[in-house]
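Asks: For reference, this is target_10.txt, and it has compact mmCIF, C-alpha atoms.
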# COMPACT_ATOMS: atom_id res chain seq x y z
CA MET A 17 -11.43 73.62 -1.55
CA CYS A 18 -8.25 73.65 0.48
CA ASN A 19 -7.14 71.03 2.95
CA LEU A 20 -4.25 71.66 5.23
CA VAL A 21 -1.97 68.69 4.72
CA VAL A 22 0.00 69.02 7.93
CA VAL A 23 -0.94 70.99 10.99
CA LEU A 24 -0.42 70.72 14.72
CA ARG A 25 -3.80 71.03 16.44
CA ILE A 26 -3.25 71.73 20.10
CA ALA A 27 -5.24 73.17 23.00
CA HIS A 28 -4.37 76.76 23.76
CA GLU A 29 -3.80 75.82 27.44
CA LEU A 30 -1.07 73.34 26.42
CA VAL A 31 0.75 76.01 24.41
CA GLU A 32 0.49 78.31 27.45
CA ALA A 33 1.93 75.53 29.64
CA ILE A 34 4.87 74.98 27.27
CA VAL A 35 5.63 78.72 27.15
CA ALA A 36 5.36 79.00 30.95
CA HIS A 37 7.86 76.15 31.34
CA ALA A 38 10.25 77.77 28.86
CA ARG A 39 10.00 81.07 30.77
CA ARG A 40 10.63 79.32 34.10
CA ASP A 41 13.85 77.67 32.90
CA HIS A 42 15.13 80.69 30.93
CA PRO A 43 18.06 81.34 30.31
CA ASP A 44 18.59 77.56 30.27
CA GLU A 45 16.86 75.59 27.54
CA ALA A 46 13.65 73.89 28.66
CA CYS A 47 12.37 70.60 27.22
CA GLY A 48 9.37 68.34 27.55
CA LEU A 49 6.59 66.36 25.95
CA ILE A 50 2.91 66.33 25.25
CA ALA A 51 1.63 62.77 25.25
CA GLY A 52 -1.57 61.54 23.66
CA PRO A 53 -3.45 58.27 23.09
CA GLU A 54 -1.44 56.02 20.77
CA GLY A 55 -2.41 56.34 17.13
CA THR A 56 -4.59 59.45 17.51
CA GLY A 57 -1.92 62.13 17.13
CA GLU A 58 -3.84 64.24 19.65
CA PRO A 59 -1.75 66.08 22.21
CA GLU A 60 -3.34 65.80 25.66
CA ARG A 61 -0.96 65.43 28.61
CA HIS A 62 1.84 67.92 29.35
CA ILE A 63 5.00 66.39 30.80
CA PRO A 64 7.72 68.96 31.58
CA MET A 65 11.12 67.25 31.56
CA THR A 66 14.36 68.08 33.30
CA ASN A 67 17.11 69.37 31.02
CA ALA A 68 19.95 67.15 32.25
CA ALA A 69 22.44 69.38 30.39
CA ARG A 70 21.26 72.47 32.36
CA SER A 71 22.61 74.60 29.58
CA THR A 72 21.73 77.78 27.69
CA THR A 73 22.68 76.11 24.40
CA PHE A 74 21.94 72.38 24.78
CA TYR A 75 19.19 70.14 26.09
CA GLU A 76 18.96 66.46 26.85
CA PHE A 77 16.26 64.51 28.66
CA ASP A 78 17.37 63.14 32.01
CA ALA A 79 17.79 59.42 31.25
CA GLU A 80 16.25 58.15 34.49
CA GLU A 81 13.25 60.49 34.33
CA TRP A 82 12.72 59.69 30.63
CA LYS A 83 12.52 55.97 31.45
CA ARG A 84 9.93 56.60 34.19
CA VAL A 85 7.85 58.78 31.87
CA TYR A 86 8.14 56.24 29.03
CA ASP A 87 6.99 53.39 31.31
CA GLU A 88 3.98 55.46 32.32
CA MET A 89 3.16 56.22 28.68
CA TRP A 90 3.63 52.55 27.75
CA GLY A 91 1.21 51.54 30.52
CA ASN A 92 -1.36 54.14 29.39
CA ASP A 93 -1.05 53.25 25.67
CA GLU A 94 0.18 56.78 25.03
CA GLU A 95 2.78 58.07 22.61
CA VAL A 96 4.79 61.25 22.26
CA VAL A 97 2.74 63.67 20.16
CA VAL A 98 4.79 66.81 20.79
CA ALA A 99 8.46 67.04 21.78
CA TYR A 100 9.34 70.63 22.62
CA HIS A 101 12.37 72.60 23.65
CA SER A 102 13.28 76.26 23.95
CA HIS A 103 15.92 78.42 22.35
CA THR A 104 16.76 81.20 24.75
CA ALA A 105 18.94 83.45 22.57
CA THR A 106 18.13 82.40 19.01
CA GLU A 107 15.09 81.86 16.81
CA ALA A 108 12.50 79.12 17.17
CA TYR A 109 13.99 76.97 14.43
CA PRO A 110 15.73 73.58 14.82
CA SER A 111 19.52 73.89 14.84
CA ARG A 112 21.67 71.59 12.73
CA THR A 113 22.34 69.52 15.85
CA ASP A 114 18.61 69.35 16.68
CA ALA A 115 17.84 68.05 13.19
CA GLY A 116 20.82 65.68 13.13
CA ILE A 117 20.02 63.97 16.41
CA ALA A 118 16.27 63.82 15.70
CA SER A 119 16.91 62.24 12.29
CA GLU A 120 19.42 59.68 13.50
CA LEU A 121 17.41 58.46 16.44
CA GLY A 122 14.44 60.62 17.28
CA LEU A 123 10.69 60.57 17.57
CA PRO A 124 9.44 60.23 13.98
CA GLN A 125 5.76 60.53 14.93
CA ALA A 126 6.28 63.71 16.97
CA HIS A 127 5.74 67.34 16.19
CA TYR A 128 8.95 69.10 17.21
CA VAL A 129 7.87 72.37 18.79
CA LEU A 130 10.39 75.16 19.31
CA VAL A 131 9.86 78.09 21.68
CA ALA A 132 12.04 81.21 21.51
CA THR A 133 12.23 83.15 24.77
CA ARG A 134 14.71 85.86 23.75
CA ASP A 135 11.87 88.45 23.75
CA PRO A 136 10.89 88.86 27.42
CA GLU A 137 7.29 89.80 26.54
CA VAL A 138 6.18 87.50 23.73
CA ALA A 139 7.53 84.03 23.03
CA GLU A 140 7.65 82.66 19.49
CA VAL A 141 6.25 79.16 18.98
CA ARG A 142 6.81 77.11 15.82
CA SER A 143 6.26 73.47 14.92
CA PHE A 144 8.27 71.14 12.68
CA ARG A 145 8.51 67.61 11.44
CA ILE A 146 12.05 66.25 11.38
CA ALA A 147 12.95 63.13 9.39
CA ASP A 148 15.95 62.01 7.34
CA GLY A 149 17.75 65.28 8.02
CA GLU A 150 14.86 67.27 6.55
CA VAL A 151 13.10 69.94 8.59
CA THR A 152 9.56 70.76 7.48
CA GLU A 153 7.64 73.53 9.15
CA GLU A 154 3.92 73.15 9.77
CA PRO A 155 1.26 75.57 10.97
CA ILE A 156 -0.12 75.42 14.50
CA GLU A 157 -3.83 75.60 15.14
CA ALA A 158 -4.55 76.51 18.75
CA VAL A 159 -7.90 75.25 19.97
CA GLY A 160 -9.86 77.07 22.68
CA ALA A 161 -10.11 80.69 23.72
CA PRO A 162 -6.84 82.55 24.25
CA ASP A 163 -6.29 84.67 27.35
CA ALA A 164 -6.85 88.40 27.14
CA VAL A 165 -3.09 88.96 27.22
CA GLN A 166 -1.29 86.82 24.67
CA THR A 167 2.04 85.54 26.00
CA TYR A 168 3.10 83.94 22.76
CA LYS A 169 2.73 84.21 19.02
CA PHE A 170 2.97 81.65 16.27
CA ALA A 171 5.76 82.67 13.94
CA HIS A 172 4.95 80.30 11.13
CA SER A 173 6.16 81.66 7.80
CA PRO A 174 3.19 81.39 5.37
CA ASP A 175 5.29 80.49 2.34
CA SER A 176 6.21 77.17 3.88
CA THR A 177 2.57 76.20 4.50
CA VAL A 178 1.55 73.15 2.51
CA TYR A 179 -1.92 73.44 1.04
CA ASP A 180 -3.68 70.88 -1.04
CA CYS A 181 -5.91 73.08 -3.19
CA HIS A 182 -8.31 72.23 -5.97
CA MET B 4 16.66 32.19 28.62
CA SER B 5 14.66 35.04 27.18
CA VAL B 6 14.40 38.79 27.68
CA GLU B 7 11.77 41.16 26.35
CA VAL B 8 12.87 44.24 24.43
CA ARG B 9 10.83 47.43 24.06
CA VAL B 10 11.53 48.94 20.66
CA PRO B 11 11.07 52.70 20.08
CA THR B 12 8.95 53.85 17.13
CA ILE B 13 11.96 54.91 15.04
CA LEU B 14 13.43 51.38 15.15
CA ARG B 15 10.19 49.49 14.48
CA SER B 16 11.02 49.45 10.77
CA HIS B 17 13.50 46.72 11.77
CA THR B 18 10.91 44.68 13.69
CA GLY B 19 8.03 44.67 11.23
CA GLY B 20 6.26 47.30 13.31
CA GLN B 21 6.41 45.33 16.56
CA LYS B 22 6.94 47.39 19.71
CA LEU B 23 7.85 44.39 21.86
CA VAL B 24 10.21 41.63 20.72
CA SER B 25 12.12 38.92 22.55
CA GLY B 26 15.71 37.87 22.37
CA SER B 27 18.40 36.09 24.33
CA GLY B 28 21.96 36.59 25.48
CA ASN B 29 24.01 36.58 28.66
CA THR B 30 25.06 40.17 28.06
CA LEU B 31 23.58 43.14 26.25
CA ALA B 32 26.15 42.69 23.45
CA GLU B 33 25.01 39.08 22.96
CA LEU B 34 21.39 40.20 23.01
CA PHE B 35 21.96 42.70 20.18
CA ASP B 36 23.76 40.03 18.14
CA ASP B 37 20.80 37.73 18.67
CA LEU B 38 18.23 40.43 17.84
CA ASP B 39 20.06 41.29 14.63
CA ARG B 40 19.49 37.76 13.34
CA ASN B 41 15.70 38.27 13.31
CA HIS B 42 15.61 42.05 13.00
CA THR B 43 18.29 42.98 10.51
CA GLY B 44 19.84 46.38 10.98
CA LEU B 45 18.57 46.93 14.52
CA LYS B 46 21.99 46.42 16.10
CA ALA B 47 23.71 49.02 13.91
CA ARG B 48 21.26 51.68 15.06
CA VAL B 49 22.25 51.10 18.70
CA VAL B 50 25.83 49.80 18.61
CA THR B 51 28.69 51.66 16.86
CA GLU B 52 31.18 50.00 14.51
CA GLU B 53 33.73 50.36 17.30
CA GLY B 54 31.49 48.29 19.54
CA GLY B 55 30.14 50.97 21.87
CA LEU B 56 26.69 52.41 22.37
CA HIS B 57 25.68 55.31 20.13
CA ARG B 58 25.83 58.62 21.97
CA PHE B 59 22.15 59.51 21.55
CA VAL B 60 20.54 56.20 22.40
CA ASN B 61 19.51 55.19 25.90
CA VAL B 62 19.38 51.51 26.80
CA TYR B 63 18.01 50.22 30.09
CA VAL B 64 18.01 46.81 31.72
CA ASN B 65 14.85 46.88 33.81
CA ASP B 66 15.13 50.39 35.32
CA GLU B 67 18.93 50.71 35.13
CA ASP B 68 20.61 52.93 32.55
CA VAL B 69 23.22 50.51 31.16
CA ARG B 70 25.89 53.22 31.13
CA PHE B 71 26.12 52.64 34.88
CA ILE B 72 26.13 48.83 34.80
CA GLY B 73 28.83 48.02 32.27
CA GLY B 74 27.38 49.25 28.98
CA LEU B 75 27.21 46.46 26.41
CA GLU B 76 28.83 44.11 28.93
CA ALA B 77 25.83 44.49 31.27
CA LYS B 78 24.66 41.06 32.43
CA LEU B 79 21.19 39.83 31.58
CA SER B 80 19.00 37.33 33.41
CA ASP B 81 15.98 35.37 32.27
CA GLY B 82 12.88 37.57 32.35
CA ASP B 83 14.74 40.89 32.24
CA SER B 84 13.15 43.76 30.35
CA VAL B 85 15.37 45.81 28.04
CA THR B 86 14.20 49.22 26.83
CA ILE B 87 15.73 51.17 23.94
CA LEU B 88 14.93 54.90 23.82
CA PRO B 89 16.05 57.86 21.74
CA ALA B 90 18.02 60.22 23.98
CA VAL B 91 15.92 63.28 22.94
CA ALA B 92 18.54 66.00 22.83
CA GLY B 93 19.69 68.94 20.80
CA GLY B 94 21.73 72.07 20.85
CA MET B 95 23.40 74.86 18.98
Rewrite the structure of this file - the entire thing - as structure tokens.
Replies:
Amino acid sequence: MCNLVVVLRIAHELVEAIVAHARRDHPDEACGLIAGPEGTGEPERHIPMTNAARSTTFYEFDAEEWKRVYDEMWGNDEEVVVAYHSHTATEAYPSRTDAGIASELGLPQAHYVLVATRDPEVAEVRSFRIADGEVTEEPIEAVGAPDAVQTYKFAHSPDSTVYDCH
Amino acid sequence: MSVEVRVPTILRSHTGGQKLVSGSGNTLAELFDDLDRNHTGLKARVVTEEGGLHRFVNVYVNDEDVRFIGGLEAKLSDGDSVTILPAVAGGM
């Protein structure tokens, strides 16, 4: 019997929404959140954020907008389940800066999702945990029926999958 | 004179898991000194050794980003709400 130790389970529509946002902001990096009920780890509500850096190589939440969104989440007893951003010219893997900032003061409970939009047809989507400077990739399990035309693919490398097998 | 402080998940290891704590001080700098007495190590995650705010932390007094109201010298009043948030950023 095999149990997947870590996996991001997320509705297909939410992945589509993240990819659509990344496409919209391309060639600038896009960023945002999926919030969910506190303690459940279930991603439910998509919140596209403004990239205050408006840059092709950097992203940063707009401080004022982030406070408004956080207040709303606080009031709803929600937490950040997914924090995503796009890479528009490189692969969907956290850069050294991404990992450094997330480790120093980040969102330890969040799945960090990266979207690569360098291919104009199919975006790559990958998910990571980032803590103490360590980046650990995890598989993504999309729930629900995909559209006829797939606008993204999961580029998880199988050798980094963590299985608990007996 | 008391203010409430919203603590982000990553700093709750300093507050015994509490998301909301209270503290006191006439300025933000005084508040962090006060908080550090009960929640050891919290101040160092927010304030640099040189006495400024870390680059990738956002601190708000009520709805104001403190960078625009004097940074650590921002004045506090009884009943204010202080929020600490990770800046959520990254880059090449």
Asks: Once you count all atoms listed in the file, which residues of chain B turn out to be within 9 Å of chain A? Could you give them as a list of chain:residue names?
Replies: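 Interface list for chain B against chain A: B:Pro11, B:Thr12, B:Ile13, B:Leu14, B:Arg48, B:Phe59, B:Val60, B:Asn61, B:Tyr63, B:Asp66, B:Glu67, B:Asp68, B:Thr86, B:Leu88, B:Pro89, B:Ala90, B:Val91, B:Ala92, B:Gly93, B:Gly94, B:Met95.
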Asks: Please identify all polymer residues lying at most 10 Å from the point (7.4, 64.5, 8.6) (file coordinates), using only C-alpha atoms, and present the result as a list in words.
Replies: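 It turns out the residues near that spot are Val22, Pro124, Gln125, Ala126, His127, Tyr128, Phe144, Arg145, Ile146, Ala147, Asp148, Glu150, Val151, Thr152, Glu153 and Glu154 of chain A.
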Asks: Need the shell around Val8 (chain B): protein/DNA/RNA residues with any atom at most 9 Å away, counting all atoms listed in the file. Skip same-chain ones fewer than 6 positions apart. Format as a list in words?
Replies: Lys22, Leu23, Val24, Ser25, Gly26, Asp83, Ser84, Val85, Thr86 and Ile87 of chain B
Asks: If you count all atoms listed in the file, which residues fall within 12 Å of Gly44 (chain B), apart from same-chain ones fewer than 2 positions away, as a ChimeraX atom specification?
Replies: /B:14-19,35-42,46-51
Asks: Between B:Arg70, B:Lys78, B:Arg9, B:Arg58, which one has atoms that come closest to Glu33 (chain B), using all atoms listed in the file?
Replies: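 The closest residue to Glu33 (chain B) is B:Lys78.
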Asks: What's the separation between CA of Ile50 (chain A) and CA of Val69 (chain B), in Å to one decimal place?
Replies: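 We find that CA of Ile50 (chain A) and CA of Val69 (chain B) lie 26.4 Å from each other.
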Asks: Any chance you could build region 32-43 of chain B out to N, CA and C atoms and write it as a PDB file, in the coordinates of the input?
Replies:
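See part.pdb below for the written result:
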ATOM      1  N   ALA B  32      25.505  42.864  24.755  1.00  0.00           N
ATOM      2  CA  ALA B  32      26.150  42.690  23.450  1.00  0.00           C
ATOM      3  C   ALA B  32      25.635  41.425  22.765  1.00  0.00           C
ATOM      4  N   GLU B  33      25.529  40.347  23.516  1.00  0.00           N
ATOM      5  CA  GLU B  33      25.010  39.080  22.960  1.00  0.00           C
ATOM      6  C   GLU B  33      23.549  39.231  22.539  1.00  0.00           C
ATOM      7  N   LEU B  34      22.799  39.977  23.336  1.00  0.00           N
ATOM      8  CA  LEU B  34      21.390  40.200  23.010  1.00  0.00           C
ATOM      9  C   LEU B  34      21.261  40.910  21.658  1.00  0.00           C
ATOM     10  N   PHE B  35      22.072  41.966  21.440  1.00  0.00           N
ATOM     11  CA  PHE B  35      21.960  42.700  20.180  1.00  0.00           C
ATOM     12  C   PHE B  35      22.402  41.845  18.991  1.00  0.00           C
ATOM     13  N   ASP B  36      23.388  40.963  19.201  1.00  0.00           N
ATOM     14  CA  ASP B  36      23.760  40.030  18.140  1.00  0.00           C
ATOM     15  C   ASP B  36      22.594  39.113  17.806  1.00  0.00           C
ATOM     16  N   ASP B  37      21.938  38.633  18.863  1.00  0.00           N
ATOM     17  CA  ASP B  37      20.800  37.730  18.670  1.00  0.00           C
ATOM     18  C   ASP B  37      19.639  38.448  17.979  1.00  0.00           C
ATOM     19  N   LEU B  38      19.347  39.676  18.434  1.00  0.00           N
ATOM     20  CA  LEU B  38      18.230  40.430  17.840  1.00  0.00           C
ATOM     21  C   LEU B  38      18.468  40.685  16.358  1.00  0.00           C
ATOM     22  N   ASP B  39      19.730  40.946  16.013  1.00  0.00           N
ATOM     23  CA  ASP B  39      20.060  41.290  14.630  1.00  0.00           C
ATOM     24  C   ASP B  39      19.785  40.126  13.667  1.00  0.00           C
ATOM     25  N   ARG B  40      19.764  38.923  14.197  1.00  0.00           N
ATOM     26  CA  ARG B  40      19.490  37.760  13.340  1.00  0.00           C
ATOM     27  C   ARG B  40      18.033  37.789  12.841  1.00  0.00           C
ATOM     28  N   ASN B  41      17.108  38.211  13.709  1.00  0.00           N
ATOM     29  CA  ASN B  41      15.700  38.270  13.310  1.00  0.00           C
ATOM     30  C   ASN B  41      15.269  39.659  12.842  1.00  0.00           C
ATOM     31  N   HIS B  42      16.001  40.661  13.292  1.00  0.00           N
ATOM     32  CA  HIS B  42      15.610  42.050  13.000  1.00  0.00           C
ATOM     33  C   HIS B  42      16.819  42.776  12.436  1.00  0.00           C
ATOM     34  N   THR B  43      17.081  42.487  11.166  1.00  0.00           N
ATOM     35  CA  THR B  43      18.290  42.980  10.510  1.00  0.00           C
ATOM     36  C   THR B  43      18.398  44.505  10.588  1.00  0.00           C
TER      37      THR B  43
END
